[in-house]
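Below: work04.txt (compact mmCIF, C-alpha atoms)
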```txt
# COMPACT_ATOMS: atom_id res chain seq x y z
CA MET A 1 -8.56 7.54 -6.69
CA VAL A 2 -7.88 4.01 -5.63
CA THR A 3 -10.74 1.69 -4.92
CA SER A 4 -11.44 1.55 -1.23
CA HIS A 5 -10.47 -1.95 -0.37
CA PRO A 6 -10.74 -2.72 3.30
CA ALA A 7 -7.03 -2.10 3.61
CA ARG A 8 -6.22 -3.00 7.10
CA THR A 9 -3.71 -1.57 9.46
CA ASP A 10 -4.39 -4.46 11.83
CA VAL A 11 -3.31 -7.00 9.23
CA PHE A 12 -0.02 -5.21 8.60
CA HIS A 13 0.47 -4.85 12.31
CA ALA A 14 -0.32 -8.51 12.92
CA LEU A 15 2.13 -9.66 10.27
CA ALA A 16 4.92 -7.44 11.51
CA ASP A 17 5.80 -9.63 14.46
CA GLY A 18 8.02 -12.71 14.27
CA THR A 19 6.10 -14.73 16.85
CA ARG A 20 2.82 -14.09 15.10
CA ARG A 21 4.30 -15.11 11.76
CA ALA A 22 5.58 -18.30 13.40
CA LEU A 23 2.08 -18.98 14.73
CA LEU A 24 0.64 -18.52 11.26
CA ASP A 25 3.33 -20.80 9.82
CA ARG A 26 2.23 -23.57 12.15
CA LEU A 27 -1.33 -23.27 10.90
CA LEU A 28 -0.35 -23.44 7.29
CA GLY A 29 -0.82 -27.13 6.69
CA LYS A 30 -3.34 -27.95 9.38
CA ASP A 31 -5.69 -26.69 12.04
CA LEU A 32 -4.33 -27.02 15.55
CA PRO A 33 -5.66 -27.10 19.08
CA VAL A 34 -4.55 -24.04 20.99
CA GLN A 35 -2.27 -26.08 23.30
CA ASP A 36 -0.24 -27.42 20.35
CA LEU A 37 -0.22 -24.09 18.60
CA ALA A 38 1.07 -22.21 21.64
CA SER A 39 3.65 -24.72 22.84
CA GLY A 40 7.39 -24.45 22.33
CA PHE A 41 7.64 -20.65 22.28
CA ASP A 42 10.24 -19.05 24.47
CA MET A 43 7.69 -16.90 26.26
CA SER A 44 4.88 -17.24 28.74
CA ARG A 45 1.51 -18.63 27.73
CA PRO A 46 -0.25 -15.30 28.42
CA ALA A 47 2.24 -13.66 26.05
CA VAL A 48 1.43 -16.21 23.35
CA SER A 49 -2.28 -15.70 24.04
CA LYS A 50 -1.83 -12.01 23.48
CA HIS A 51 -0.29 -12.69 20.07
CA LEU A 52 -3.16 -15.02 19.23
CA ARG A 53 -5.62 -12.32 20.13
CA VAL A 54 -3.93 -9.90 17.73
CA LEU A 55 -4.19 -12.53 15.01
CA ARG A 56 -7.86 -13.14 15.80
CA GLU A 57 -8.63 -9.43 15.75
CA ALA A 58 -7.01 -9.16 12.34
CA ASP A 59 -9.14 -12.15 11.33
CA LEU A 60 -6.01 -13.98 10.23
CA VAL A 61 -6.87 -16.91 12.47
CA ARG A 62 -10.19 -18.25 13.62
CA GLU A 63 -11.00 -20.15 16.76
CA ARG A 64 -13.72 -22.77 17.11
CA ARG A 65 -14.65 -25.26 19.78
CA LYS A 66 -14.30 -28.92 19.06
CA GLY A 67 -15.52 -30.79 22.10
CA ARG A 68 -13.46 -29.44 24.94
CA ARG A 69 -10.69 -28.20 22.71
CA ARG A 70 -10.26 -24.85 21.07
CA MET A 71 -9.09 -25.30 17.49
CA TYR A 72 -7.27 -22.67 15.47
CA SER A 73 -7.27 -22.30 11.71
CA LEU A 74 -5.69 -19.88 9.27
CA ASN A 75 -7.93 -17.47 7.38
CA SER A 76 -6.29 -16.11 4.25
CA GLN A 77 -8.99 -13.62 3.25
CA PRO A 78 -7.36 -10.59 4.94
CA LEU A 79 -4.14 -11.41 3.09
CA LYS A 80 -6.06 -11.42 -0.15
CA ASP A 81 -7.64 -8.08 0.75
CA VAL A 82 -4.22 -6.54 1.33
CA ASP A 83 -2.97 -8.02 -1.92
CA ASP A 84 -5.98 -6.57 -3.75
CA TRP A 85 -5.34 -3.21 -2.17
CA LEU A 86 -1.75 -3.12 -3.41
CA SER A 87 -2.87 -4.33 -6.83
CA SER A 88 -5.32 -1.46 -7.07
CA TYR A 89 -2.47 0.97 -6.34
CA ARG A 90 -0.38 -0.69 -9.02
CA ARG A 91 -3.14 -0.13 -11.55
CA PHE A 92 -3.64 3.40 -10.30
CA TRP A 93 -0.01 4.41 -10.80
CA ARG A 94 0.17 2.84 -14.23
CA SER A 95 -2.90 4.70 -15.39
CA ASN A 96 -1.76 7.91 -13.73
CA LEU A 97 1.63 7.87 -15.44
CA ALA A 98 -0.07 7.18 -18.77
CA SER A 99 -2.22 10.25 -18.15
CA LEU A 100 0.86 12.32 -17.28
CA LYS A 101 2.49 11.19 -20.51
CA ARG A 102 -0.54 12.17 -22.60
CA HIS A 103 -0.62 15.54 -20.90
CA VAL A 104 3.08 16.35 -21.31
CA GLU A 105 3.28 15.04 -24.86
CA GLY A 106 0.12 16.94 -25.72
CA GLY A 107 -1.69 13.96 -27.18
CA PRO A 108 -5.38 13.08 -26.93
CA GLY A 109 -6.74 13.31 -23.42
CA GLY A 110 -3.90 15.62 -22.48
CA VAL A 111 -4.28 19.29 -21.70
CA SER A 112 -7.93 20.02 -21.08
CA MET B 113 5.22 -6.98 -2.51
CA ASN B 114 5.05 -4.26 0.13
CA GLU B 115 6.08 -1.62 -2.35
CA ILE B 116 5.08 -0.54 -5.81
CA ARG B 117 7.41 0.46 -8.62
CA THR B 118 6.27 1.56 -12.00
CA SER B 119 7.73 3.74 -14.71
CA ILE B 120 7.01 5.32 -18.07
CA GLU B 121 9.07 7.07 -20.70
CA ILE B 122 7.84 10.46 -21.80
CA ALA B 123 8.95 12.25 -24.96
CA ALA B 124 9.68 15.56 -23.25
CA PRO B 125 12.58 16.91 -21.20
CA PRO B 126 12.59 16.47 -17.39
CA GLN B 127 11.82 20.14 -16.74
CA LYS B 128 8.54 19.88 -18.61
CA VAL B 129 7.59 16.70 -16.79
CA TRP B 130 8.59 18.27 -13.48
CA THR B 131 6.28 21.20 -14.07
CA ALA B 132 3.39 18.86 -14.88
CA LEU B 133 4.07 16.97 -11.65
CA THR B 134 4.28 20.00 -9.42
CA ASP B 135 2.20 22.84 -10.84
CA PRO B 136 -1.29 22.82 -9.24
CA ASP B 137 -3.06 23.94 -12.44
CA GLN B 138 -1.36 21.32 -14.55
CA LEU B 139 -1.93 18.63 -11.94
CA ALA B 140 -5.65 19.33 -11.94
CA SER B 141 -5.75 18.98 -15.69
CA TRP B 142 -4.08 15.58 -16.07
CA TRP B 143 -4.45 13.78 -12.73
CA GLY B 144 -7.73 11.94 -13.08
CA SER B 145 -10.23 11.66 -15.89
CA ASP B 146 -13.87 12.59 -16.46
CA GLU B 147 -14.90 8.93 -16.42
CA GLU B 148 -13.35 8.22 -13.02
CA TYR B 149 -12.67 11.32 -10.97
CA ARG B 150 -11.31 14.83 -11.34
CA THR B 151 -8.86 16.40 -8.96
CA TYR B 152 -8.93 20.03 -7.90
CA ASP B 153 -7.63 22.39 -5.25
CA TRP B 154 -4.08 21.09 -5.41
CA ARG B 155 -1.85 22.65 -2.78
CA LEU B 156 1.76 21.74 -3.20
CA GLU B 157 4.67 23.81 -2.06
CA LEU B 158 8.08 22.45 -3.04
CA ARG B 159 9.69 22.70 0.33
CA PRO B 160 10.57 19.75 2.57
CA GLY B 161 8.24 19.76 5.53
CA ALA B 162 5.47 21.63 3.71
CA ALA B 163 1.99 20.14 3.80
CA TRP B 164 0.40 19.22 0.46
CA SER B 165 -3.12 18.19 -0.43
CA CYS B 166 -5.58 17.74 -3.24
CA GLN B 167 -9.28 17.06 -3.50
CA ALA B 168 -11.06 14.71 -5.83
CA ARG B 169 -14.61 14.30 -7.01
CA ASN B 170 -15.61 11.09 -8.74
CA ALA B 171 -18.13 10.71 -11.53
CA SER B 172 -21.01 10.19 -9.09
CA GLY B 173 -20.08 13.25 -7.04
CA HIS B 174 -18.33 11.50 -4.19
CA LEU B 175 -15.63 13.67 -2.62
CA SER B 176 -12.29 12.47 -1.31
CA GLY B 177 -8.79 13.77 -0.93
CA VAL B 178 -5.17 12.95 -0.39
CA SER B 179 -2.74 14.88 1.76
CA GLY B 180 0.74 14.55 3.16
CA THR B 181 4.06 16.21 3.73
CA VAL B 182 6.72 17.06 1.17
CA LEU B 183 9.86 15.07 1.97
CA GLU B 184 12.12 15.98 -0.92
CA ALA B 185 11.95 18.41 -3.82
CA ASP B 186 14.98 18.49 -6.07
CA PRO B 187 13.89 19.96 -9.41
CA PRO B 188 13.77 18.50 -11.97
CA ARG B 189 14.89 15.16 -10.61
CA THR B 190 13.30 14.00 -7.40
CA LEU B 191 10.00 14.64 -5.70
CA ALA B 192 8.91 12.71 -2.63
CA TYR B 193 5.95 13.17 -0.37
CA THR B 194 3.96 11.21 2.14
CA TRP B 195 0.56 9.97 1.04
CA LYS B 196 -2.46 9.86 3.28
CA PRO B 197 -5.78 9.19 1.53
CA SER B 198 -8.92 10.44 3.23
CA TRP B 199 -10.69 7.15 2.59
CA GLN B 200 -8.26 4.78 4.22
CA SER B 201 -7.30 4.42 7.84
CA THR B 202 -3.98 2.89 6.87
CA PRO B 203 -0.56 4.20 7.87
CA GLU B 204 0.84 7.05 5.84
CA THR B 205 2.82 5.78 2.84
CA THR B 206 5.51 7.48 0.76
CA VAL B 207 5.52 8.29 -2.96
CA ARG B 208 8.77 9.14 -4.70
CA TYR B 209 9.10 10.29 -8.31
CA THR B 210 12.47 10.09 -10.02
CA LEU B 211 12.97 11.82 -13.35
CA THR B 212 15.92 10.71 -15.46
CA PRO B 213 16.81 12.22 -18.83
CA THR B 214 17.03 9.65 -21.62
CA ASP B 215 19.43 9.54 -24.58
CA ARG B 216 16.59 10.46 -26.89
CA GLY B 217 15.89 13.73 -25.09
CA GLY B 218 12.95 12.33 -23.17
CA THR B 219 12.41 11.52 -19.52
CA LEU B 220 12.10 8.26 -17.67
CA VAL B 221 9.59 8.78 -14.88
CA GLU B 222 9.73 6.26 -12.08
CA VAL B 223 7.25 6.03 -9.23
CA HIS B 224 8.18 4.20 -6.09
CA HIS B 225 5.37 3.88 -3.58
CA THR B 226 6.48 2.45 -0.25
CA GLY B 227 5.53 2.11 3.39
CA PHE B 228 2.52 -0.20 3.27
CA GLU B 229 3.18 -1.24 6.79
CA ASP B 230 3.60 0.03 10.28
CA ALA B 231 6.55 2.36 10.28
CA GLU B 232 7.93 0.59 13.33
CA SER B 233 8.04 -2.76 11.65
CA ARG B 234 9.65 -1.71 8.41
CA GLN B 235 12.73 -3.86 8.80
CA GLU B 236 10.86 -6.99 9.64
CA HIS B 237 8.44 -6.43 6.92
CA GLU B 238 10.17 -7.52 3.78
CA GLN B 239 10.59 -10.96 5.21
CA GLY B 240 6.99 -10.81 6.33
CA TRP B 241 5.65 -10.20 2.88
CA ARG B 242 7.54 -13.08 1.38
CA ARG B 243 5.81 -15.30 3.89
CA VAL B 244 2.47 -13.76 3.12
CA LEU B 245 2.85 -14.81 -0.48
CA THR B 246 3.78 -18.30 0.62
CA TRP B 247 0.75 -18.53 2.88
CA LEU B 248 -1.45 -17.22 0.17
CA SER B 249 -0.28 -19.69 -2.42
CA GLN B 250 -0.26 -22.66 -0.07
CA LYS B 251 -3.62 -21.82 1.41
CA GLY B 252 -4.99 -21.46 -2.09
CA ALA B 253 -3.49 -24.77 -3.12
CA ARG B 254 -5.18 -26.74 -0.38
CA GLN B 255 -8.61 -25.17 -0.69
```
I'd like the structure from this file rewritten - as structure tokens, please.
Amino acid sequence: MVTSHPARTDVFHALADGTRRALLDRLLGKDLPVQDLASGFDMSRPAVSKHLRVLREADLVRERRKGRRRMYSLNSQPLKDVDDWLSSYRRFWRSNLASLKRHVEGGPGGVS
Amino acid sequence: MNEIRTSIEIAAPPQKVWTALTDPDQLASWWGSDEEYRTYDWRLELRPGAAWSCQARNASGHLSGVSGTVLEADPPRTLAYTWKPSWQSTPETTVRYTLTPTDRGGTLVEVHHTGFEDAESRQEHEQGWRRVLTWLSQKGARQ
């Protein structure tokens, strides 16, 4: 009924946490080495690493090696996928209500 | 952005619209189209807690379905049920129809589709989506 976009529970889950949103915020303007990205949070480094892993698994951030440093960057494609998914539902409901209207009002395409 | 609202005005009284929204035979006749998909085997009992489901077959023969639980059934005003498509591994969402009589003897039908998120994180989510839009626009701007 609605096009099967790769609608992703992991993206919703990843975005639901304040620390993870803060991590994404930091990557908005620029790519960052993991040390800079993870510093300044009121939690242990392993805890921050865990959040980064969730973000990586949702493909919201990507990690690459640059010399001896691990650099993080934001990947917006999963956000676009989610947006597309919701857009497809928007179209679906509009078309469905139009169909309901035709049916109830007995116009063309109504009662079959 | 984590919810969908849409509405339409129908030139018929709420009771008639209600029947179209809840009667399995009527549902099968208007929900879907030959070009896209047809729905069949609607099971919908208007009792909170009751399971509901329907099947769909698209133009190329592909089968799918949606199921859920009835949350609210207040004829001819409010119908709400959870929504779990067979083709998506996403959390269950909620669809609510509100039927309001209009001055002209018609019905305003509103659909409110919510819950595109982990149920646990609902409160945090609204804020989250505003940020998503910001990220999206800013990321787009610098690419």
> Which neighbours of Arg94 of chain A fall inside 9 Å, counting only C-alpha atoms, when residues of the same chain fewer than 5 positions from it are skipped, and could you give them as a VMD selection string?
Replying inline: (chain A and resid 89 99) or (chain B and resid 118 to 120)
Export of prior selection with C-alpha atoms as a compact mmCIF listing (two decimals), in the coordinates of the input:
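Final file, result11.txt:
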```txt
# COMPACT_ATOMS: atom_id res chain seq x y z
CA TYR A 89 -2.47 0.97 -6.34
CA SER A 99 -2.22 10.25 -18.15
CA THR B 118 6.27 1.56 -12.00
CA SER B 119 7.73 3.74 -14.71
CA ILE B 120 7.01 5.32 -18.07
```
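Coordinates place atom CA of Asp135 of chain B at a distance of 12.1 Å from atom CA of Pro187 of chain B.
Between atom CA of Val54 of chain A and atom CA of Leu15 of chain A lies a distance of 9.6 Å.
Atom pair atom CA of Gly218 of chain B / atom CA of Thr190 of chain B has a distance of 15.9 Å (rounded to one decimal).
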> Within 12 Å of segment 35-43 of chain A, counting only C-alpha atoms, which residues qualify if same-chain residues fewer than 2 places away don't, as number ranges by chain?
Replying inline: A: 18-20, 22-28, 30-33, 45-52, 61, 63, 68-74
Output C-alpha atoms for every residue in the selection just made, as a short mmCIF file (atom, residue, chain, number, x, y, z; two decimals), in the coordinates of the input.
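Dumped everything to result-v5.cif:
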```
data_model
loop_
_atom_site.label_atom_id
_atom_site.label_comp_id
_atom_site.auth_asym_id
_atom_site.auth_seq_id
_atom_site.Cartn_x
_atom_site.Cartn_y
_atom_site.Cartn_z
CA GLY A 18 8.02 -12.71 14.27
CA THR A 19 6.10 -14.73 16.85
CA ARG A 20 2.82 -14.09 15.10
CA ALA A 22 5.58 -18.30 13.40
CA LEU A 23 2.08 -18.98 14.73
CA LEU A 24 0.64 -18.52 11.26
CA ASP A 25 3.33 -20.80 9.82
CA ARG A 26 2.23 -23.57 12.15
CA LEU A 27 -1.33 -23.27 10.90
CA LEU A 28 -0.35 -23.44 7.29
CA LYS A 30 -3.34 -27.95 9.38
CA ASP A 31 -5.69 -26.69 12.04
CA LEU A 32 -4.33 -27.02 15.55
CA PRO A 33 -5.66 -27.10 19.08
CA ARG A 45 1.51 -18.63 27.73
CA PRO A 46 -0.25 -15.30 28.42
CA ALA A 47 2.24 -13.66 26.05
CA VAL A 48 1.43 -16.21 23.35
CA SER A 49 -2.28 -15.70 24.04
CA LYS A 50 -1.83 -12.01 23.48
CA HIS A 51 -0.29 -12.69 20.07
CA LEU A 52 -3.16 -15.02 19.23
CA VAL A 61 -6.87 -16.91 12.47
CA GLU A 63 -11.00 -20.15 16.76
CA ARG A 68 -13.46 -29.44 24.94
CA ARG A 69 -10.69 -28.20 22.71
CA ARG A 70 -10.26 -24.85 21.07
CA MET A 71 -9.09 -25.30 17.49
CA TYR A 72 -7.27 -22.67 15.47
CA SER A 73 -7.27 -22.30 11.71
CA LEU A 74 -5.69 -19.88 9.27
#
```
>> Just checking: using all atoms listed in the file, which residue out of B:Thr226, B:Ser141, B:Gln127, B:Thr194 ends up closest to Arg102 of chain A?
In response: B:Ser141
